[in-house]
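Q: One file: my_file_18.cif (mmCIF, N, CA and C atoms).
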data_work
#
loop_
_atom_site.label_atom_id
_atom_site.label_comp_id
_atom_site.auth_asym_id
_atom_site.auth_seq_id
_atom_site.Cartn_x
_atom_site.Cartn_y
_atom_site.Cartn_z
N MET Z 111 143.48 -131.09 -60.35
CA MET Z 111 143.44 -132.01 -61.47
C MET Z 111 144.76 -132.74 -61.59
N ALA Z 112 144.68 -134.02 -61.63
CA ALA Z 112 145.88 -134.83 -61.80
C ALA Z 112 145.92 -135.32 -63.23
N SER Z 113 147.09 -135.39 -63.77
CA SER Z 113 147.23 -136.00 -65.08
C SER Z 113 148.08 -137.25 -64.91
N ILE Z 114 147.64 -138.31 -65.52
CA ILE Z 114 148.27 -139.61 -65.35
C ILE Z 114 148.91 -140.01 -66.67
N LYS Z 115 150.14 -140.50 -66.61
CA LYS Z 115 150.85 -140.93 -67.81
C LYS Z 115 150.67 -142.42 -68.02
N TYR Z 116 150.52 -142.79 -69.25
CA TYR Z 116 150.33 -144.20 -69.60
C TYR Z 116 151.25 -144.52 -70.76
N ASN Z 117 152.10 -145.54 -70.58
CA ASN Z 117 153.05 -145.92 -71.61
C ASN Z 117 152.90 -147.41 -71.88
N PRO Z 118 151.99 -147.78 -72.81
CA PRO Z 118 151.74 -149.21 -73.04
C PRO Z 118 152.89 -149.89 -73.76
N ASN Z 119 153.26 -151.05 -73.26
CA ASN Z 119 154.26 -151.91 -73.90
C ASN Z 119 155.58 -151.21 -74.23
N GLY Z 120 155.97 -150.23 -73.46
CA GLY Z 120 157.24 -149.55 -73.65
C GLY Z 120 157.33 -148.74 -74.94
N GLN Z 121 156.20 -148.34 -75.49
CA GLN Z 121 156.21 -147.56 -76.74
C GLN Z 121 156.81 -146.18 -76.48
N LYS Z 122 157.35 -145.60 -77.54
CA LYS Z 122 157.86 -144.25 -77.41
C LYS Z 122 156.69 -143.28 -77.41
N GLY Z 123 156.84 -142.23 -76.66
CA GLY Z 123 155.74 -141.28 -76.50
C GLY Z 123 154.94 -141.66 -75.27
N LYS Z 124 153.96 -140.85 -74.95
CA LYS Z 124 153.15 -141.11 -73.77
C LYS Z 124 151.73 -140.63 -74.00
N ILE Z 125 150.84 -141.22 -73.28
CA ILE Z 125 149.43 -140.83 -73.29
C ILE Z 125 149.14 -140.28 -71.91
N THR Z 126 148.54 -139.11 -71.83
CA THR Z 126 148.24 -138.49 -70.55
C THR Z 126 146.74 -138.34 -70.41
N TYR Z 127 146.19 -138.85 -69.30
CA TYR Z 127 144.77 -138.72 -69.01
C TYR Z 127 144.59 -137.75 -67.85
N ASN Z 128 143.67 -136.86 -67.97
CA ASN Z 128 143.30 -135.96 -66.90
C ASN Z 128 142.31 -136.71 -66.01
N SER Z 129 142.32 -136.46 -64.71
CA SER Z 129 141.40 -137.16 -63.82
C SER Z 129 139.94 -136.86 -64.15
N ASP Z 130 139.69 -135.69 -64.75
CA ASP Z 130 138.32 -135.36 -65.15
C ASP Z 130 137.82 -136.29 -66.25
N ILE Z 131 138.71 -136.80 -67.09
CA ILE Z 131 138.33 -137.75 -68.13
C ILE Z 131 137.81 -139.03 -67.48
N VAL Z 132 138.54 -139.54 -66.50
CA VAL Z 132 138.13 -140.77 -65.82
C VAL Z 132 136.82 -140.53 -65.06
N SER Z 133 136.68 -139.38 -64.42
CA SER Z 133 135.43 -139.06 -63.72
C SER Z 133 134.26 -139.01 -64.70
N GLY Z 134 134.50 -138.48 -65.88
CA GLY Z 134 133.46 -138.43 -66.90
C GLY Z 134 133.04 -139.82 -67.36
N ILE Z 135 134.01 -140.70 -67.51
CA ILE Z 135 133.69 -142.08 -67.90
C ILE Z 135 132.88 -142.77 -66.80
N VAL Z 136 133.24 -142.53 -65.56
CA VAL Z 136 132.50 -143.11 -64.44
C VAL Z 136 131.07 -142.56 -64.41
N ALA Z 137 130.91 -141.25 -64.62
CA ALA Z 137 129.57 -140.66 -64.64
C ALA Z 137 128.73 -141.24 -65.77
N LEU Z 138 129.34 -141.45 -66.92
CA LEU Z 138 128.64 -142.06 -68.05
C LEU Z 138 128.19 -143.47 -67.72
N SER Z 139 129.04 -144.24 -67.07
CA SER Z 139 128.67 -145.61 -66.71
C SER Z 139 127.54 -145.61 -65.68
N LEU Z 140 127.52 -144.63 -64.79
CA LEU Z 140 126.44 -144.55 -63.81
C LEU Z 140 125.11 -144.18 -64.47
N GLN Z 141 125.15 -143.32 -65.47
CA GLN Z 141 123.93 -142.94 -66.17
C GLN Z 141 123.33 -144.11 -66.92
N GLU Z 142 124.14 -145.07 -67.30
CA GLU Z 142 123.66 -146.25 -68.01
C GLU Z 142 123.17 -147.35 -67.08
N THR Z 143 123.33 -147.17 -65.77
CA THR Z 143 122.92 -148.18 -64.81
C THR Z 143 121.48 -147.92 -64.39
N GLU Z 144 120.63 -148.91 -64.60
CA GLU Z 144 119.21 -148.78 -64.29
C GLU Z 144 118.98 -148.92 -62.80
N GLY Z 145 118.05 -148.12 -62.27
CA GLY Z 145 117.66 -148.24 -60.88
C GLY Z 145 118.36 -147.28 -59.93
N ILE Z 146 119.17 -146.36 -60.47
CA ILE Z 146 119.86 -145.40 -59.60
C ILE Z 146 119.72 -143.99 -60.16
N ARG Z 147 120.01 -143.03 -59.31
CA ARG Z 147 120.12 -141.63 -59.70
C ARG Z 147 121.40 -141.08 -59.11
N LEU Z 148 121.98 -140.12 -59.81
CA LEU Z 148 123.20 -139.50 -59.31
C LEU Z 148 122.87 -138.53 -58.19
N ILE Z 149 123.82 -138.30 -57.33
CA ILE Z 149 123.68 -137.33 -56.25
C ILE Z 149 123.67 -135.94 -56.89
N PRO Z 150 122.70 -135.09 -56.55
CA PRO Z 150 122.65 -133.76 -57.14
C PRO Z 150 123.69 -132.81 -56.52
N SER Z 151 124.92 -132.93 -56.97
CA SER Z 151 126.00 -132.06 -56.51
C SER Z 151 126.97 -131.85 -57.66
N LYS Z 152 127.94 -130.99 -57.44
CA LYS Z 152 128.91 -130.70 -58.50
C LYS Z 152 129.71 -131.95 -58.87
N SER Z 153 130.08 -132.73 -57.87
CA SER Z 153 130.88 -133.94 -58.14
C SER Z 153 130.02 -135.13 -58.54
N LYS Z 154 128.71 -135.02 -58.42
CA LYS Z 154 127.75 -136.09 -58.73
C LYS Z 154 127.99 -137.35 -57.90
N GLY Z 155 128.63 -137.17 -56.73
CA GLY Z 155 128.87 -138.32 -55.86
C GLY Z 155 130.02 -139.20 -56.30
N ILE Z 156 130.91 -138.66 -57.12
CA ILE Z 156 132.03 -139.45 -57.66
C ILE Z 156 133.35 -138.90 -57.12
N LYS Z 157 134.12 -139.77 -56.49
CA LYS Z 157 135.47 -139.41 -56.03
C LYS Z 157 136.43 -140.42 -56.63
N ILE Z 158 137.45 -139.94 -57.32
CA ILE Z 158 138.42 -140.80 -57.97
C ILE Z 158 139.80 -140.49 -57.41
N SER Z 159 140.57 -141.54 -57.11
CA SER Z 159 141.96 -141.32 -56.72
C SER Z 159 142.84 -142.32 -57.47
N PHE Z 160 144.00 -141.85 -57.88
CA PHE Z 160 144.95 -142.66 -58.62
C PHE Z 160 146.06 -143.10 -57.67
N GLU Z 161 146.21 -144.39 -57.52
CA GLU Z 161 147.23 -144.95 -56.65
C GLU Z 161 148.10 -145.91 -57.46
N LYS Z 162 149.15 -146.39 -56.83
CA LYS Z 162 150.07 -147.32 -57.49
C LYS Z 162 149.35 -148.61 -57.92
N GLU Z 163 148.40 -149.06 -57.08
CA GLU Z 163 147.67 -150.30 -57.36
C GLU Z 163 146.64 -150.15 -58.48
N GLY Z 164 146.23 -148.94 -58.75
CA GLY Z 164 145.21 -148.68 -59.77
C GLY Z 164 144.32 -147.52 -59.34
N ILE Z 165 143.17 -147.44 -59.96
CA ILE Z 165 142.23 -146.36 -59.68
C ILE Z 165 141.26 -146.82 -58.59
N PHE Z 166 141.08 -145.96 -57.60
CA PHE Z 166 140.11 -146.19 -56.54
C PHE Z 166 138.94 -145.25 -56.76
N ALA Z 167 137.73 -145.80 -56.83
CA ALA Z 167 136.54 -145.00 -57.04
C ALA Z 167 135.63 -145.11 -55.82
N ASP Z 168 135.14 -143.97 -55.37
CA ASP Z 168 134.22 -143.90 -54.25
C ASP Z 168 132.93 -143.28 -54.80
N ILE Z 169 131.86 -144.07 -54.90
CA ILE Z 169 130.66 -143.67 -55.60
C ILE Z 169 129.49 -143.59 -54.61
N SER Z 170 128.75 -142.49 -54.65
CA SER Z 170 127.54 -142.33 -53.85
C SER Z 170 126.37 -142.15 -54.81
N VAL Z 171 125.30 -142.92 -54.60
CA VAL Z 171 124.13 -142.87 -55.48
C VAL Z 171 122.86 -142.91 -54.65
N ILE Z 172 121.75 -142.65 -55.33
CA ILE Z 172 120.42 -142.78 -54.76
C ILE Z 172 119.74 -143.93 -55.50
N ALA Z 173 119.23 -144.91 -54.76
CA ALA Z 173 118.56 -146.05 -55.37
C ALA Z 173 117.08 -145.75 -55.56
N GLU Z 174 116.52 -146.33 -56.60
CA GLU Z 174 115.09 -146.22 -56.84
C GLU Z 174 114.40 -147.41 -56.19
N TYR Z 175 113.21 -147.19 -55.64
CA TYR Z 175 112.45 -148.23 -54.98
C TYR Z 175 112.15 -149.37 -55.96
N GLY Z 176 112.26 -150.59 -55.47
CA GLY Z 176 111.94 -151.75 -56.28
C GLY Z 176 113.15 -152.48 -56.83
N TYR Z 177 114.33 -151.92 -56.65
CA TYR Z 177 115.56 -152.54 -57.13
C TYR Z 177 116.34 -153.10 -55.94
N SER Z 178 117.01 -154.22 -56.15
CA SER Z 178 117.83 -154.84 -55.12
C SER Z 178 119.12 -154.03 -54.94
N VAL Z 179 119.35 -153.54 -53.74
CA VAL Z 179 120.53 -152.71 -53.48
C VAL Z 179 121.83 -153.47 -53.72
N PRO Z 180 121.98 -154.70 -53.24
CA PRO Z 180 123.24 -155.42 -53.54
C PRO Z 180 123.45 -155.64 -55.03
N GLU Z 181 122.38 -155.89 -55.75
CA GLU Z 181 122.49 -156.09 -57.20
C GLU Z 181 122.88 -154.79 -57.90
N ILE Z 182 122.30 -153.67 -57.47
CA ILE Z 182 122.66 -152.36 -58.03
C ILE Z 182 124.13 -152.08 -57.79
N ALA Z 183 124.61 -152.30 -56.56
CA ALA Z 183 126.01 -152.04 -56.22
C ALA Z 183 126.94 -152.89 -57.07
N TYR Z 184 126.60 -154.16 -57.25
CA TYR Z 184 127.43 -155.05 -58.07
C TYR Z 184 127.46 -154.58 -59.52
N ARG Z 185 126.30 -154.20 -60.07
CA ARG Z 185 126.26 -153.71 -61.46
C ARG Z 185 127.07 -152.43 -61.62
N ILE Z 186 127.01 -151.54 -60.64
CA ILE Z 186 127.81 -150.31 -60.68
C ILE Z 186 129.29 -150.66 -60.73
N GLN Z 187 129.73 -151.55 -59.84
CA GLN Z 187 131.14 -151.94 -59.81
C GLN Z 187 131.58 -152.55 -61.13
N GLN Z 188 130.80 -153.44 -61.68
CA GLN Z 188 131.17 -154.10 -62.93
C GLN Z 188 131.17 -153.14 -64.11
N THR Z 189 130.17 -152.27 -64.18
CA THR Z 189 130.09 -151.32 -65.29
C THR Z 189 131.25 -150.33 -65.27
N ILE Z 190 131.57 -149.81 -64.09
CA ILE Z 190 132.68 -148.86 -63.97
C ILE Z 190 133.99 -149.55 -64.35
N LYS Z 191 134.20 -150.75 -63.83
CA LYS Z 191 135.43 -151.48 -64.13
C LYS Z 191 135.56 -151.72 -65.64
N GLN Z 192 134.51 -152.20 -66.26
CA GLN Z 192 134.56 -152.51 -67.69
C GLN Z 192 134.78 -151.26 -68.53
N MET Z 193 134.04 -150.19 -68.25
CA MET Z 193 134.14 -148.99 -69.09
C MET Z 193 135.48 -148.28 -68.91
N VAL Z 194 135.94 -148.09 -67.68
CA VAL Z 194 137.19 -147.38 -67.46
C VAL Z 194 138.36 -148.18 -68.03
N GLU Z 195 138.38 -149.48 -67.77
CA GLU Z 195 139.50 -150.29 -68.26
C GLU Z 195 139.51 -150.41 -69.77
N SER Z 196 138.36 -150.42 -70.41
CA SER Z 196 138.36 -150.53 -71.87
C SER Z 196 138.64 -149.19 -72.56
N MET Z 197 138.28 -148.09 -71.91
CA MET Z 197 138.49 -146.77 -72.53
C MET Z 197 139.85 -146.17 -72.23
N THR Z 198 140.46 -146.54 -71.10
CA THR Z 198 141.72 -145.90 -70.72
C THR Z 198 142.88 -146.88 -70.57
N LYS Z 199 142.62 -148.15 -70.46
CA LYS Z 199 143.62 -149.19 -70.23
C LYS Z 199 144.21 -149.14 -68.83
N TYR Z 200 143.62 -148.32 -67.94
CA TYR Z 200 144.02 -148.34 -66.54
C TYR Z 200 143.25 -149.42 -65.82
N LYS Z 201 143.78 -149.90 -64.73
CA LYS Z 201 143.12 -150.92 -63.93
C LYS Z 201 142.36 -150.26 -62.78
N ILE Z 202 141.16 -150.78 -62.55
CA ILE Z 202 140.37 -150.35 -61.40
C ILE Z 202 140.76 -151.25 -60.23
N ALA Z 203 141.28 -150.65 -59.18
CA ALA Z 203 141.69 -151.43 -58.01
C ALA Z 203 140.51 -151.68 -57.08
N LYS Z 204 139.62 -150.67 -56.94
CA LYS Z 204 138.54 -150.80 -55.99
C LYS Z 204 137.43 -149.82 -56.32
N VAL Z 205 136.18 -150.27 -56.19
CA VAL Z 205 135.02 -149.40 -56.36
C VAL Z 205 134.15 -149.57 -55.12
N ASP Z 206 134.08 -148.53 -54.31
CA ASP Z 206 133.20 -148.54 -53.14
C ASP Z 206 131.91 -147.83 -53.52
N VAL Z 207 130.77 -148.47 -53.25
CA VAL Z 207 129.47 -147.91 -53.59
C VAL Z 207 128.72 -147.60 -52.30
N HIS Z 208 128.24 -146.36 -52.19
CA HIS Z 208 127.46 -145.93 -51.03
C HIS Z 208 126.07 -145.54 -51.52
N VAL Z 209 125.06 -146.25 -51.04
CA VAL Z 209 123.67 -145.90 -51.38
C VAL Z 209 123.19 -144.95 -50.30
N GLN Z 210 123.00 -143.69 -50.68
CA GLN Z 210 122.66 -142.64 -49.72
C GLN Z 210 121.21 -142.67 -49.28
N SER Z 211 120.30 -143.02 -50.20
CA SER Z 211 118.88 -143.08 -49.86
C SER Z 211 118.14 -143.85 -50.94
N VAL Z 212 116.85 -144.03 -50.71
CA VAL Z 212 115.98 -144.71 -51.66
C VAL Z 212 114.86 -143.75 -52.03
N ILE Z 213 114.58 -143.65 -53.32
CA ILE Z 213 113.48 -142.81 -53.79
C ILE Z 213 112.26 -143.69 -53.95
N PHE Z 214 111.17 -143.30 -53.28
CA PHE Z 214 109.92 -144.05 -53.37
C PHE Z 214 109.01 -143.35 -54.38
N PRO Z 215 108.27 -144.13 -55.17
CA PRO Z 215 107.35 -143.50 -56.13
C PRO Z 215 106.17 -142.88 -55.40
N GLN Z 216 105.66 -141.81 -55.96
CA GLN Z 216 104.47 -141.16 -55.41
C GLN Z 216 103.26 -141.96 -55.83
N ALA Z 217 102.41 -142.30 -54.90
CA ALA Z 217 101.20 -143.07 -55.23
C ALA Z 217 100.22 -142.15 -55.94
N ALA Z 218 99.66 -142.63 -57.02
CA ALA Z 218 98.73 -141.84 -57.81
C ALA Z 218 97.47 -141.51 -57.01
N ALA Z 219 97.08 -142.36 -56.07
CA ALA Z 219 95.86 -142.15 -55.30
C ALA Z 219 96.00 -141.02 -54.30
N GLU Z 220 97.22 -140.58 -54.02
CA GLU Z 220 97.42 -139.53 -53.04
C GLU Z 220 97.13 -138.14 -53.60
N THR Z 221 97.09 -138.00 -54.91
CA THR Z 221 96.84 -136.70 -55.50
C THR Z 221 95.34 -136.43 -55.54
N PRO Z 222 94.88 -135.20 -55.30
CA PRO Z 222 93.45 -134.91 -55.27
C PRO Z 222 92.75 -135.21 -56.60
N GLU Z 223 93.42 -134.98 -57.72
CA GLU Z 223 92.80 -135.23 -59.03
C GLU Z 223 92.50 -136.70 -59.21
N ALA Z 224 93.43 -137.56 -58.80
CA ALA Z 224 93.25 -139.00 -58.97
C ALA Z 224 92.14 -139.52 -58.06
N SER Z 225 92.07 -139.02 -56.83
CA SER Z 225 91.03 -139.51 -55.93
C SER Z 225 89.65 -139.05 -56.38
N ASP Z 226 89.51 -137.87 -56.97
CA ASP Z 226 88.23 -137.41 -57.50
C ASP Z 226 87.80 -138.24 -58.69
N ALA Z 227 88.74 -138.65 -59.52
CA ALA Z 227 88.42 -139.43 -60.71
C ALA Z 227 87.95 -140.83 -60.35
N GLU Z 228 88.39 -141.36 -59.20
CA GLU Z 228 88.03 -142.71 -58.82
C GLU Z 228 86.66 -142.78 -58.16
N LYS Z 229 86.13 -141.66 -57.65
CA LYS Z 229 84.84 -141.68 -56.99
C LYS Z 229 83.72 -141.79 -58.01
N PRO Z 230 82.75 -142.66 -57.79
CA PRO Z 230 81.63 -142.75 -58.73
C PRO Z 230 80.73 -141.54 -58.62
N SER Z 231 80.24 -141.09 -59.71
CA SER Z 231 79.36 -139.94 -59.75
C SER Z 231 77.95 -140.39 -59.45
N SER Z 232 77.20 -139.59 -58.68
CA SER Z 232 75.84 -139.94 -58.35
C SER Z 232 74.90 -139.74 -59.54
N GLU Z 233 75.34 -138.97 -60.53
CA GLU Z 233 74.52 -138.72 -61.71
C GLU Z 233 74.51 -139.91 -62.64
N GLU Z 234 75.48 -140.82 -62.54
CA GLU Z 234 75.58 -141.94 -63.44
C GLU Z 234 74.53 -143.00 -63.14
N ASN Z 235 74.02 -143.07 -61.90
CA ASN Z 235 73.06 -144.11 -61.52
C ASN Z 235 71.68 -143.75 -61.89
#
Output the structure of this file as structure tokens.
A:
Amino acid sequence: MASIKYNPNGQKGKITYNSDIVSGIVALSLQETEGIRLIPSKSKGIKISFEKEGIFADISVIAEYGYSVPEIAYRIQQTIKQMVESMTKYKIAKVDVHVQSVIFPQAAAETPEASDAEKPSSEEN
């Protein structure tokens, strides 16, 4: 765990952010992004590093079928940048987005119950 010091406008005192705080903000922004799911792991596919230039975020997600992957990646980058910078006053230097896979919806006709319901009954005629 890294703790980062922030001293706005030369004020006396300091504000210290733990890297887990920034990771939590990133996770929150990802949960608000439509069309994706988080990676089911302890880190949720989020890697954060603090550098001199700013915060570097490496994000891995699963896209849902029917959404434009470039559009999803752009929305992720913009949402993370806006939320982290407004909540912590740190600058986001770079957000890399990796789409690991696409989730396809299960067709209702593939289930035995649905296919039985669609067949006409011979008793109805």
Q: Figure out the distance between CA of Thr189 (chain Z) and CA of Lys124 (chain Z), please, to one decimal in Å.
A: 26.6 Å
Q: So what does the PyMOL selection byres ((chain Z and resi 143-150) around 6.5) actually pick up in this one, as a list in words?
A: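 With the shown file as input, the PyMOL selection byres ((chain Z and resi 143-150) around 6.5) matches Leu138, Ser139, Leu140, Gln141, Glu142, Ser151, Lys152, Lys154, Gly155, Ser170, Val171, Ile172, Ala173, Glu174 and Tyr177 of chain Z.
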Q: Hey, what comes out of the PyMOL selection byres ((chain Z and resi 197-210) around 5) on this file? Could you write it as a list of chain:residue names?
A: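 Expected selection for the PyMOL selection byres ((chain Z and resi 197-210) around 5) here is Z:Gly164, Z:Ile165, Z:Phe166, Z:Ala167, Z:Asp168, Z:Ile169, Z:Ser170, Z:Val171, Z:Ile172, Z:Met193, Z:Val194, Z:Glu195, Z:Ser196, Z:Ser211, Z:Val212.
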Q: Any idea what the distance is between CA of Phe160 (chain Z) and CA of Ile135 (chain Z)?
A: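 So the two atoms, CA of Phe160 (chain Z) and CA of Ile135 (chain Z), lie 14.6 Å apart.
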Q: To one decimal place in Å, what is the distance between CA of Ile158 (chain Z) and CA of Asn128 (chain Z)?
A: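 So the answer is 11.3 Å.
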Q: Pick out each residue of region 161-222 of chain Z that DSSP on the backbone tags as helix (DSSP H, G or I); I need them as a PyMOL selection string.
A: chain Z and resi 179-198+218-220+222
Q: Compare Z:Glu163, Z:Tyr175, Z:Ser153, Z:Val136 by their minimum atom-to-atom distance to Ile190 (chain Z), counting all atoms listed in the file, and give me the closest one.
A: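 Nearest to Ile190 (chain Z): Z:Val136.
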